[in-house]
Amino acid sequence: MATSSFFVVLAATAFLCNAAPLDHKSHGETDSKCPLMVKVLDAVMGIPAGKVAIKIHRQAQDKSWQLIASSVTDDTGEVHDLIPEADFTKGMYKVELDTKSYWKPMGVSPFHEVAEVVFQANNAGHRHYTLAVLLSPFSYTMTAVVSKAHE
């Protein structure tokens, strides 16, 4: 089990480090205003996970979750422009991926229906967040890359 987990992590690292370069003109313009981006990889097939539904929630003062954005990953397994720069304020956020709907067309019944992460954003000044997600039907791994906002 430890060996297979190692190879899954190794595959995710290789994917994220060696992803095909994007058109920097359009990609760079988008990311300079994109404080939150999500990348999803299908660990079973070893390919980007397209058509994964994503919801972004912000925690309100009463601790309830308010849906503030939703989107679907593209063919590269990425989703950009989830939330405008001005709306990504300091606070608690929840990113939820609909994994059940991703696996269902493949005839797979996953253990988890959603993969989610809850995190505090911008508590040390304005930052940009990239969430890298590695999905399989019975597990998921999520890694965050946090960087200073583009100036």
# chains A, B, ... in the order shown; residues from 1 in each chain; ligands from 1

$ select_by_dssp --residues "segment 46-139 of chain A" --states "helix (DSSP H, G or I)" --output "list in words"
Glu85, Ala86, Asp87, Thr99, Lys100, Ser101, Tyr102, Trp103, Lys104, Pro105 and Met106 of chain A

$ closest_atom_pairs --of "segment 85-146 of chain A" --to "segment 55-72 of chain A" --cutoff "9 Å" --atoms "only C-alpha atoms" --output "CSV"
residue,atom,partner,partner_atom,distance
A:Gly91,CA,A:Gln59,CA,7.1
A:Met92,CA,A:Gln59,CA,5.4
A:Tyr93,CA,A:Arg58,CA,4.6
A:Lys94,CA,A:His57,CA,5.0
A:Val95,CA,A:Ile56,CA,4.8
A:Glu96,CA,A:Lys55,CA,5.2
A:Leu97,CA,A:Lys55,CA,6.6
A:Asp98,CA,A:Lys55,CA,8.3

$ atom_distance --atom1 "atom CA of Lys51 of chain A" --atom2 "atom CA of Asp87 of chain A"
24.6 Å

$ closest_residue --among "A:Val52, A:Leu135, A:Pro35, A:Thr130" --to "Pro110 of chain A" --atoms "only C-alpha atoms"
A:Leu135

$ closest_residue --among "A:Ala115, A:Lys100, A:Thr73, A:Gly107" --to "Leu134 of chain A" --atoms "only C-alpha atoms"
A:Ala115

$ closest_residue --among "A:Val118, A:Ala49, A:Val145, A:Ile54" --to "Asp74 of chain A" --atoms "only C-alpha atoms"
A:Ala49
